[in-house]
Structures are given as C-alpha cells and as structure tokens.
Amino acid sequence: MLHLRVMSPAGLTDEVLAVLESDDAVSGLAVLRGSAIRPAGDVILADLAREAANDIVERLRATGLHHHGSIELEPVRTWMSLSGYLAELRTPGYSADSVVWADVTQRSYEETELNWTYLSFMTLATILASIAIVVDSQILVIGAMVLGPEFGAIAALGVALVRRRPALLGRAVATLLAGFVAAIFLAFTAAVGARLLGWITVDVVTGERPETAFIYTPDKWSFVVALIAAAAGVLSLTSAKSGALVGVFISVTTVPAAGNIALGLAFGAGTAIWGSALQLVVNLAGMALAGWATLALQDVVWSRVALRRARTEARARRRML
C-alpha cells in the first residue's frame with residue numbers, strides 16, 4: 001500500500017476528490033478542509049494500492065494540481081485494513097512488481113546531482129581501488145565497488161530514455177563524466193605523491209597481479225556481467241528491494257578500472273591505461289543498455305496492466321448501471 005498526501009488549492013479539491021473517490025484502488029480517503037496554509041486550501045489523505053499509483057498520479061497531474069499544490073507518495077510499511085486488502089485484490093498486478101514512475105524519476109534526478117558528496121564518494125572509492133591494485137587485494141577491490149556511487153547515474157540514463165526526459169539524460173551523462181574525470185585526476189595526484197615518496201614503484205603497477213588482473217583485461221564476460229548486474233540493479237530500484245543492490249555494486253568493474261587508469265597515468269603504463277579504459281567503457285555501455293532495456297520492458301508490461309485495470313473498472317461500472 002501507498003499513502004498519498006495532497007496539498008490542494010480549494011478550487012481544485014472537488015476535482016481531486018472526484019478522481020480519488022472514483023478509483024477502486026483507493027481504500028481510505030480523508031479531507032481536511034481549510035487546513036493548508038501554503039498553498040491556501042485543503043489537505044487530502046488517501047491510501048491506495050501500489051499497482052494503481054501511476055494511473056492515479058497521471059489523473060491528478062491532468063487536473064494541474066502539481067502546478068498549484070503538491071502530490072506526495074510514501075510507502076506504508078505496516079498496515080491492517082480489510083478495505084486495503086480488498087483494494088489490492090481488485091487491482092491487477094502485484095505490488096512487488098509494480099513500478100511507481102514518479103518515485104523512480106524523482107530518485108533519478110536526485111542520484112544525478114553533481115554535488116560534493118557524490119564527488120567525494122567517487123574519489124574515495126577510486127583511491128581505494130588504486131590501493132587495492134597496488135597490494136593486489138580483491139577484498140579492497142570489493143570495498144571500492146561498494147563505495148562507488150555511480151550506479152544511480154547509470155540507471156538514470158535508462159529512466160531518461162524510457163520516460164523521454166532529455167534534460168535528465170544530459171544531467172546523468174554530465175554527472176558520470178565529471179565524476180570519473182575528477183576521481184581519476186585526484187587518484188592520479190595521490191599516486192604521483194605515493195611515487196615520489198617511494199611507496200609505489202613502476203614494477204608494482206606493470207607487474208603480474210593475479211588477484212586484480214581482471215580490472216585491465218576485459219573480455220566478453222565483462223559485458224555479460226554488466227548486463228546482468230544492471231538488470232538486477234534496476235529491478236531492485238523499481239521494486240524498492242534495495243538489498244539486491246549490494247550484489248550489483250560488487251559485480252561491475254567501473255571504479256576499479258578508474259583507479260587503474262589513475263595508476264597507469266602516474267607511471268606511464270600504457271597497457272594499464274588502455275586496458276582499464278576499455279574495461280570501463282564496456283561496463284558502462286553494458287549497464288546503460290541493460291538498464292534501458294529493463295525499464296523499457298517494465299514500461300510495456302505496466303502499460304498493459306493499466307489498460308487491463310481500466311477495462312475491469314469500466315465493466316464494473318456497467319454492471320452497477
């Protein structure tokens with residue numbers, strides 16, 4: 001179940017209530033007349049089945065409510081309601097499978113903000129990856145993968161394409177590019193400093209590293225893993241099962257490749273630079289492609305579910321007449 005809160009100007013309240021009262025997916029509805037100060041008007045509260053959220057939000061947007069008030073959705077973690085249970089039964093689809101596009105789109109905009117927090121995590125993850133490569137430690141590589149914040153921006157590429165948001169697409173590309181460039185430059189600076197201090201030698205960078213050699217030796221499996229990981233990651237984001245994201249983070253070699261590029265630049269190791277650059281491109285391309293394909297499939301599936309719901313409601317109204 002989802003909880004809906006609407007801040008509505010008084011002139012739109014009756015229209016909003018008509019939308020909510022006419023939908024069988026709404027199990028609870030309340031209105032607090034005159035309780036809103038900004039905008040001056042009313043507060044409307046409703047509980048609804050997650051599977052119907054997209055339809056209801058679109059109908060509310062059609063009233064122009066989002067221009068003059070606000071529409072807020074939040075999950076209800078625990079609820080006990082017979083009417084809520086019946087509303088879910090009446091609504092086609094399953095709540096765990098449903099995609100609330102308003103939520104996914106908003107999170108995509110948040111994940112593509114090029115802020116200090118994002119740059120800090122990218123830099124720290126890339127430097128950690130560089131250290132992991134120097135000491136040839138898979139454990140540290142995994143730590144760097146988990147620390148990297150880039151997956152949100154990669155998933156936003158698919159959201160932008162599926163939802164036709166060119167501004168979001170440009171923002172996601174810029175954030176990814178700026179994040180990796182800044183992180184590689186700062187990791188390169190740290191590597192140069194370590195080289196001057198004698199902490200790292202060229203033999204460490206160019207020598208055999210059996211535990212971390214996969215970082216600069218991409219193959220067909222790199223692309224396949226990126227496809228699977230991104231598909232799983234997008235499903236995790238859209239279904240709110242965020243626990244699966246950890247598996248995604250430790251499956252793709254983006255941040256470790258960036259760390260190896262920084263080391264290669266610091267020591268003039270062309271093989272490390274080009275191999276890692278190819279690994280980075282392969283992983284980013286695979287993840288972007290799989291993210292788009294997964295979201296596009298979900299969009300098609302839920303469009304059909306929405307049509308089925310509309311036909312079901314139409315038949316129910318005809319029977320009532």
# chains A, B, ... in the order shown; residues from 1 in each chain; ligands from 1
call {"tool": "select_by_dssp", "arguments": {"residues": "range 146-200 of chain A", "states": "helix (DSSP H, G or I)", "output": "PyMOL selection string"}}
result
chain A and resi 146-147+151-162+166-196
call {"tool": "residues_around", "arguments": {"residues": "Pro9 in chain A", "least_positions_apart": "3", "cutoff": "7 Å", "atoms": "only C-alpha atoms", "output": "number ranges by chain"}}
result
A: 12-13, 39-42, 68-69
call {"tool": "residues_around", "arguments": {"residues": "Gly270 in chain A", "least_positions_apart": "3", "cutoff": "12 Å", "atoms": "only C-alpha atoms", "output": "list in words"}}
result
Val202, Val205, Thr206, Tyr216, Asn260, Ile261, Ala262, Leu263, Gly264, Leu265, Ala266, Phe267, Ile273, Trp274, Gly275, Ser276 and Ala277 of chain A
call {"tool": "closest_residue", "arguments": {"among": "A:Thr63, A:Ala226, A:Leu128, A:Arg50", "to": "Ala285 in chain A", "atoms": "only C-alpha atoms"}}
result
A:Ala226
call {"tool": "select_by_dssp", "arguments": {"residues": "range 27-148 of chain A", "states": "strand (DSSP E or B)", "output": "count of residues only"}}
result
24
call {"tool": "closest_residue", "arguments": {"among": "A:Val100, A:Ala36, A:Glu88, A:Ala129", "to": "Ser70 in chain A", "atoms": "only C-alpha atoms"}}
result
A:Ala36
call {"tool": "residues_around", "arguments": {"residues": "Val57 in chain A", "least_positions_apart": "4", "cutoff": "8 Å", "atoms": "only C-alpha atoms", "output": "PyMOL selection string"}}
result
chain A and resi 53+61+71+102
call {"tool": "write_last_selection", "arguments": {"atoms": "C-alpha atoms", "output": "PDB file, in the first residue's frame"}}
result
ATOM      1  CA  ALA A  53      -0.225   4.598  -8.323  1.00  0.00           C
ATOM      2  CA  ARG A  61      -1.488  15.691 -12.860  1.00  0.00           C
ATOM      3  CA  ILE A  71       1.343  15.346  -4.662  1.00  0.00           C
ATOM      4  CA  ALA A 102       7.040   9.290 -10.222  1.00  0.00           C
TER       5      ALA A 102
END
call {"tool": "residues_around", "arguments": {"residues": "Ile133 in chain A", "least_positions_apart": "5", "cutoff": "9 Å", "atoms": "only C-alpha atoms", "output": "PyMOL selection string"}}
result
chain A and resi 128+138+140-141+204-205+209+211-213+215+256+259-260+263
